[in-house]
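Student: Enclosed is the structure file protein_9.pdb (PDB, C-alpha atoms).
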MODEL        1
ATOM      1  CA  GLN A 194       0.000   0.000   0.000  1.00  0.00           C
ATOM      2  CA  VAL A 195       1.389   3.359  -1.061  1.00  0.00           C
ATOM      3  CA  GLN A 196       1.307   6.134   1.487  1.00  0.00           C
ATOM      4  CA  LEU A 197       2.763   9.630   1.630  1.00  0.00           C
ATOM      5  CA  VAL A 198       2.855  11.346   5.005  1.00  0.00           C
ATOM      6  CA  GLU A 199       3.630  15.022   5.451  1.00  0.00           C
ATOM      7  CA  SER A 200       4.962  16.394   8.714  1.00  0.00           C
ATOM      8  CA  GLY A 201       6.533  19.530  10.094  1.00  0.00           C
ATOM      9  CA  GLY A 202       3.673  21.974   9.802  1.00  0.00           C
ATOM     10  CA  GLY A 203       2.641  24.290  12.588  1.00  0.00           C
ATOM     11  CA  LEU A 204       2.316  27.875  13.741  1.00  0.00           C
ATOM     12  CA  VAL A 205       5.192  30.255  13.086  1.00  0.00           C
ATOM     13  CA  GLN A 206       5.633  33.999  13.279  1.00  0.00           C
ATOM     14  CA  PRO A 207       6.223  36.067  10.148  1.00  0.00           C
ATOM     15  CA  GLY A 208       9.865  35.859   9.149  1.00  0.00           C
ATOM     16  CA  GLY A 209      10.259  32.444  10.712  1.00  0.00           C
ATOM     17  CA  SER A 210      11.110  29.085   9.170  1.00  0.00           C
ATOM     18  CA  LEU A 211       9.615  25.642   8.928  1.00  0.00           C
ATOM     19  CA  ARG A 212      10.817  22.430   7.370  1.00  0.00           C
ATOM     20  CA  LEU A 213       8.196  20.112   5.953  1.00  0.00           C
ATOM     21  CA  SER A 214       8.915  16.466   5.237  1.00  0.00           C
ATOM     22  CA  CYS A 215       7.156  14.004   2.969  1.00  0.00           C
ATOM     23  CA  THR A 216       7.952  10.404   3.777  1.00  0.00           C
ATOM     24  CA  ALA A 217       6.852   7.585   1.522  1.00  0.00           C
ATOM     25  CA  SER A 218       6.076   3.948   2.087  1.00  0.00           C
ATOM     26  CA  GLY A 219       5.309   1.482  -0.651  1.00  0.00           C
ATOM     27  CA  LEU A 220       7.171   3.410  -3.335  1.00  0.00           C
ATOM     28  CA  ALA A 221      10.610   4.837  -4.042  1.00  0.00           C
ATOM     29  CA  LEU A 222      10.375   8.616  -4.217  1.00  0.00           C
ATOM     30  CA  GLY A 223      13.528   8.748  -6.311  1.00  0.00           C
ATOM     31  CA  ALA A 224      11.585   7.247  -9.212  1.00  0.00           C
ATOM     32  CA  TYR A 225       8.918   9.960  -9.178  1.00  0.00           C
ATOM     33  CA  SER A 226       8.655  13.640  -9.820  1.00  0.00           C
ATOM     34  CA  ILE A 227       7.704  15.293  -6.553  1.00  0.00           C
ATOM     35  CA  GLY A 228       5.718  18.405  -5.925  1.00  0.00           C
ATOM     36  CA  TRP A 229       4.733  20.452  -2.919  1.00  0.00           C
ATOM     37  CA  PHE A 230       1.381  22.172  -3.301  1.00  0.00           C
ATOM     38  CA  ARG A 231      -0.628  24.368  -1.024  1.00  0.00           C
ATOM     39  CA  GLN A 232      -4.222  25.410  -0.742  1.00  0.00           C
ATOM     40  CA  ALA A 233      -5.611  28.183   1.392  1.00  0.00           C
ATOM     41  CA  PRO A 234      -9.333  28.584   2.138  1.00  0.00           C
ATOM     42  CA  GLY A 235     -11.094  30.131  -0.826  1.00  0.00           C
ATOM     43  CA  LYS A 236      -8.038  29.952  -3.042  1.00  0.00           C
ATOM     44  CA  GLU A 237      -6.927  27.631  -5.815  1.00  0.00           C
ATOM     45  CA  ARG A 238      -4.307  25.005  -5.250  1.00  0.00           C
ATOM     46  CA  GLU A 239      -0.820  26.290  -6.045  1.00  0.00           C
ATOM     47  CA  GLY A 240       2.339  24.371  -6.838  1.00  0.00           C
ATOM     48  CA  VAL A 241       5.118  25.908  -4.732  1.00  0.00           C
ATOM     49  CA  SER A 242       8.076  23.596  -5.302  1.00  0.00           C
ATOM     50  CA  CYS A 243       8.647  20.741  -7.720  1.00  0.00           C
ATOM     51  CA  ILE A 244      11.560  18.466  -8.505  1.00  0.00           C
ATOM     52  CA  SER A 245      11.969  16.387 -11.639  1.00  0.00           C
ATOM     53  CA  ARG A 246      12.368  12.621 -11.499  1.00  0.00           C
ATOM     54  CA  SER A 247      14.789  12.647 -14.425  1.00  0.00           C
ATOM     55  CA  ASP A 248      17.515  15.127 -13.520  1.00  0.00           C
ATOM     56  CA  GLY A 249      16.600  16.585 -10.154  1.00  0.00           C
ATOM     57  CA  SER A 250      15.958  20.031 -11.569  1.00  0.00           C
ATOM     58  CA  THR A 251      13.659  22.229  -9.522  1.00  0.00           C
ATOM     59  CA  TYR A 252      11.052  24.893 -10.057  1.00  0.00           C
ATOM     60  CA  TYR A 253       9.651  27.596  -7.796  1.00  0.00           C
ATOM     61  CA  PRO A 254       7.015  30.180  -8.640  1.00  0.00           C
ATOM     62  CA  ASP A 255       7.842  33.805  -8.003  1.00  0.00           C
ATOM     63  CA  SER A 256       5.705  33.784  -4.857  1.00  0.00           C
ATOM     64  CA  VAL A 257       8.238  31.569  -3.032  1.00  0.00           C
ATOM     65  CA  LYS A 258      11.434  31.836  -5.091  1.00  0.00           C
ATOM     66  CA  GLY A 259      14.432  32.517  -2.899  1.00  0.00           C
ATOM     67  CA  ARG A 260      12.553  31.495   0.250  1.00  0.00           C
ATOM     68  CA  PHE A 261      11.595  27.836  -0.332  1.00  0.00           C
ATOM     69  CA  THR A 262      13.928  24.952  -1.164  1.00  0.00           C
ATOM     70  CA  ILE A 263      12.918  21.435  -2.132  1.00  0.00           C
ATOM     71  CA  SER A 264      15.309  18.544  -1.607  1.00  0.00           C
ATOM     72  CA  ARG A 265      15.223  14.789  -1.954  1.00  0.00           C
ATOM     73  CA  ASP A 266      16.894  12.243   0.362  1.00  0.00           C
ATOM     74  CA  VAL A 267      16.847   8.977  -1.549  1.00  0.00           C
ATOM     75  CA  ALA A 268      18.301   6.944   1.311  1.00  0.00           C
ATOM     76  CA  ARG A 269      15.552   8.078   3.690  1.00  0.00           C
ATOM     77  CA  ASN A 270      12.897   8.033   0.955  1.00  0.00           C
ATOM     78  CA  THR A 271      11.939  11.539   1.965  1.00  0.00           C
ATOM     79  CA  VAL A 272      11.420  14.855   0.210  1.00  0.00           C
ATOM     80  CA  SER A 273      11.709  18.013   2.263  1.00  0.00           C
ATOM     81  CA  LEU A 274      10.588  21.589   1.826  1.00  0.00           C
ATOM     82  CA  GLN A 275      12.615  24.197   3.677  1.00  0.00           C
ATOM     83  CA  MET A 276      10.578  27.367   4.052  1.00  0.00           C
ATOM     84  CA  ASN A 277      12.296  30.549   5.203  1.00  0.00           C
ATOM     85  CA  SER A 278      11.169  34.140   5.625  1.00  0.00           C
ATOM     86  CA  LEU A 279       7.596  32.990   5.947  1.00  0.00           C
ATOM     87  CA  LYS A 280       4.779  35.439   5.322  1.00  0.00           C
ATOM     88  CA  PRO A 281       1.135  35.415   6.427  1.00  0.00           C
ATOM     89  CA  GLU A 282       0.156  34.703   2.824  1.00  0.00           C
ATOM     90  CA  ASP A 283       2.044  31.398   3.038  1.00  0.00           C
ATOM     91  CA  THR A 284      -0.666  30.143   5.383  1.00  0.00           C
ATOM     92  CA  ALA A 285      -2.263  27.061   3.826  1.00  0.00           C
ATOM     93  CA  VAL A 286      -2.494  23.308   3.944  1.00  0.00           C
ATOM     94  CA  TYR A 287       0.610  21.897   2.264  1.00  0.00           C
ATOM     95  CA  TYR A 288       0.523  18.648   0.344  1.00  0.00           C
ATOM     96  CA  CYS A 289       3.184  16.533  -1.306  1.00  0.00           C
ATOM     97  CA  VAL A 290       2.513  14.506  -4.417  1.00  0.00           C
ATOM     98  CA  ALA A 291       4.522  11.827  -6.206  1.00  0.00           C
ATOM     99  CA  ILE A 292       3.878  11.687  -9.951  1.00  0.00           C
ATOM    100  CA  SER A 293       5.101   9.082 -12.397  1.00  0.00           C
ATOM    101  CA  ARG A 294       4.991  11.440 -15.390  1.00  0.00           C
ATOM    102  CA  ILE A 295       8.304  12.570 -16.877  1.00  0.00           C
ATOM    103  CA  ALA A 296       8.097  16.340 -17.252  1.00  0.00           C
ATOM    104  CA  THR A 297       9.856  19.523 -16.340  1.00  0.00           C
ATOM    105  CA  PRO A 298       9.402  20.592 -12.734  1.00  0.00           C
ATOM    106  CA  GLN A 299       7.525  23.668 -13.923  1.00  0.00           C
ATOM    107  CA  ALA A 300       5.081  21.473 -15.834  1.00  0.00           C
ATOM    108  CA  ILE A 301       4.585  19.332 -12.733  1.00  0.00           C
ATOM    109  CA  CYS A 302       3.860  22.391 -10.609  1.00  0.00           C
ATOM    110  CA  LEU A 303       1.379  23.713 -13.159  1.00  0.00           C
ATOM    111  CA  ASN A 304      -0.381  20.393 -13.687  1.00  0.00           C
ATOM    112  CA  PRO A 305       0.163  17.678 -11.055  1.00  0.00           C
ATOM    113  CA  ALA A 306      -1.388  14.928 -13.171  1.00  0.00           C
ATOM    114  CA  GLY A 307       0.056  11.678 -14.378  1.00  0.00           C
ATOM    115  CA  ARG A 308      -0.703   8.049 -15.035  1.00  0.00           C
ATOM    116  CA  THR A 309       0.070   7.578 -11.362  1.00  0.00           C
ATOM    117  CA  ALA A 310      -0.162  10.310  -8.753  1.00  0.00           C
ATOM    118  CA  TYR A 311      -0.050   9.779  -5.017  1.00  0.00           C
ATOM    119  CA  TRP A 312      -1.028  12.568  -2.619  1.00  0.00           C
ATOM    120  CA  GLY A 313      -0.385  12.944   1.063  1.00  0.00           C
ATOM    121  CA  GLN A 314      -3.035  14.034   3.537  1.00  0.00           C
ATOM    122  CA  GLY A 315      -1.593  17.506   4.023  1.00  0.00           C
ATOM    123  CA  THR A 316      -0.096  19.477   6.887  1.00  0.00           C
ATOM    124  CA  GLN A 317      -1.279  22.880   8.102  1.00  0.00           C
ATOM    125  CA  VAL A 318       1.106  25.812   8.026  1.00  0.00           C
ATOM    126  CA  THR A 319      -0.028  28.981   9.775  1.00  0.00           C
ATOM    127  CA  VAL A 320       2.051  32.146   9.678  1.00  0.00           C
ATOM    128  CA  SER A 321       0.768  34.641  12.196  1.00  0.00           C
ATOM    129  CA  SER A 322       1.948  36.901  14.958  1.00  0.00           C
TER     130      SER A 322
ENDMDL
END
Using the file provided, produce a representation of the structure as structure tokens.
Tutor:
Amino acid sequence: QVQLVESGGGLVQPGGSLRLSCTASGLALGAYSIGWFRQAPGKEREGVSCISRSDGSTYYPDSVKGRFTISRDVARNTVSLQMNSLKPEDTAVYYCVAISRIATPQAICLNPAGRTAYWGQGTQVTVSS
């Protein structure tokens, strides 16, 4: 049974940092393109960090570029999202997804679809003073 579990969310003050982790069981994350997405109440889902399965290239939208970093630890079968300089507008539920499709990381972030796509249950991030 395939399962993705996100962890590391919580409440942080503006300007603070959080590190989210996505740990997989039942599949090898290194064989998938991985994306971190977020969704705030009343807003559309947004891809915030994606990493390609083929060459490890990454993509970040302008809203998080320079503040978020995605990384993959093949040995631990984990993908992490380091989030720095957090802003109130970063408040959302964050999800990781493993996608079998071979595509650029930007394409993954724009359209997280594939023949196989596994989503985690999400972790809440709240940025507030």
Student: Need the shell around segment 238-248 of chain A: protein/DNA/RNA residues with any atom at most 9 Å away, counting all atoms listed in the file. Skip same-chain ones fewer than 5 positions apart. Format as JSON, numbers by chain?
Tutor: {"A": [222, 223, 224, 225, 226, 227, 228, 229, 230, 231, 232, 233, 253, 254, 255, 256, 257, 258, 261, 262, 263, 264, 265, 274, 292, 293, 294, 295, 296, 297, 298, 299, 300, 301, 302, 303, 304, 305]}
Student: For the PyMOL selection byres ((chain A and resi 311) around 9), applied here, can you spell out every residue it catches as a short mmCIF file (atom, residue, chain, number, x, y, z; two decimals) with C-alpha atoms, in the coordinates of the input?
Tutor:
data_model
loop_
_atom_site.label_atom_id
_atom_site.label_comp_id
_atom_site.auth_asym_id
_atom_site.auth_seq_id
_atom_site.Cartn_x
_atom_site.Cartn_y
_atom_site.Cartn_z
CA VAL A 195 1.39 3.36 -1.06
CA GLN A 196 1.31 6.13 1.49
CA LEU A 197 2.76 9.63 1.63
CA CYS A 289 3.18 16.53 -1.31
CA VAL A 290 2.51 14.51 -4.42
CA ALA A 291 4.52 11.83 -6.21
CA ILE A 292 3.88 11.69 -9.95
CA THR A 309 0.07 7.58 -11.36
CA ALA A 310 -0.16 10.31 -8.75
CA TRP A 312 -1.03 12.57 -2.62
CA GLY A 313 -0.38 12.94 1.06
#
Student: Residues within 12 Å of Gln317 of chain A, please, as a list in words. Count all atoms listed in the file; anything in the same chain fewer than 6 positions from it doesn't count.
Tutor: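 The neighbour list is Glu199, Ser200, Gly201, Gly202, Gly203, Leu204, Val205, Leu211, Leu213, Phe230, Arg231, Gln232, Ala233, Pro234, Asp283, Thr284, Ala285, Val286, Tyr287 and Tyr288 of chain A.
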Student: Exactly which residues make up the result of the PyMOL selection byres ((chain A and resi 209) around 8) on this file, given as JSON, numbers by chain?
Tutor: {"A": [205, 206, 207, 208, 210, 211, 277, 278, 279]}
Student: Quick check, in Å to one decimal: how far apart do atom CA of Val272 of chain A and atom CA of Thr216 of chain A lie?
Tutor: 6.7 Å
Student: So the first atom is atom CA of Lys280 of chain A and the second is atom CA of Val318 of chain A; what is the distance between them in Å, to one decimal place?
Tutor: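 So the two atoms, atom CA of Lys280 of chain A and atom CA of Val318 of chain A, lie 10.7 Å apart.
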Student: Using all atoms listed in the file, which of the listed residues (A:Pro281, A:Gly235, A:Arg212, A:Ser218) sits closest to Ser321 of chain A?
Tutor: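 Between A:Pro281, A:Gly235, A:Arg212, A:Ser218, the residue approaching Ser321 of chain A most closely is A:Pro281.
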Student: How far is it from atom CA of Thr251 of chain A to atom CA of Ala268 of chain A, in Å with one decimal?
Tutor: 19.3 Å
Student: Here is a test: counting only C-alpha atoms, which residue of A:Gly259, A:Glu237, A:Arg269, A:Val198 is nearest to Gln314 of chain A?
Tutor: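 Of the candidates, the smallest distance to Gln314 of chain A is held by A:Val198.
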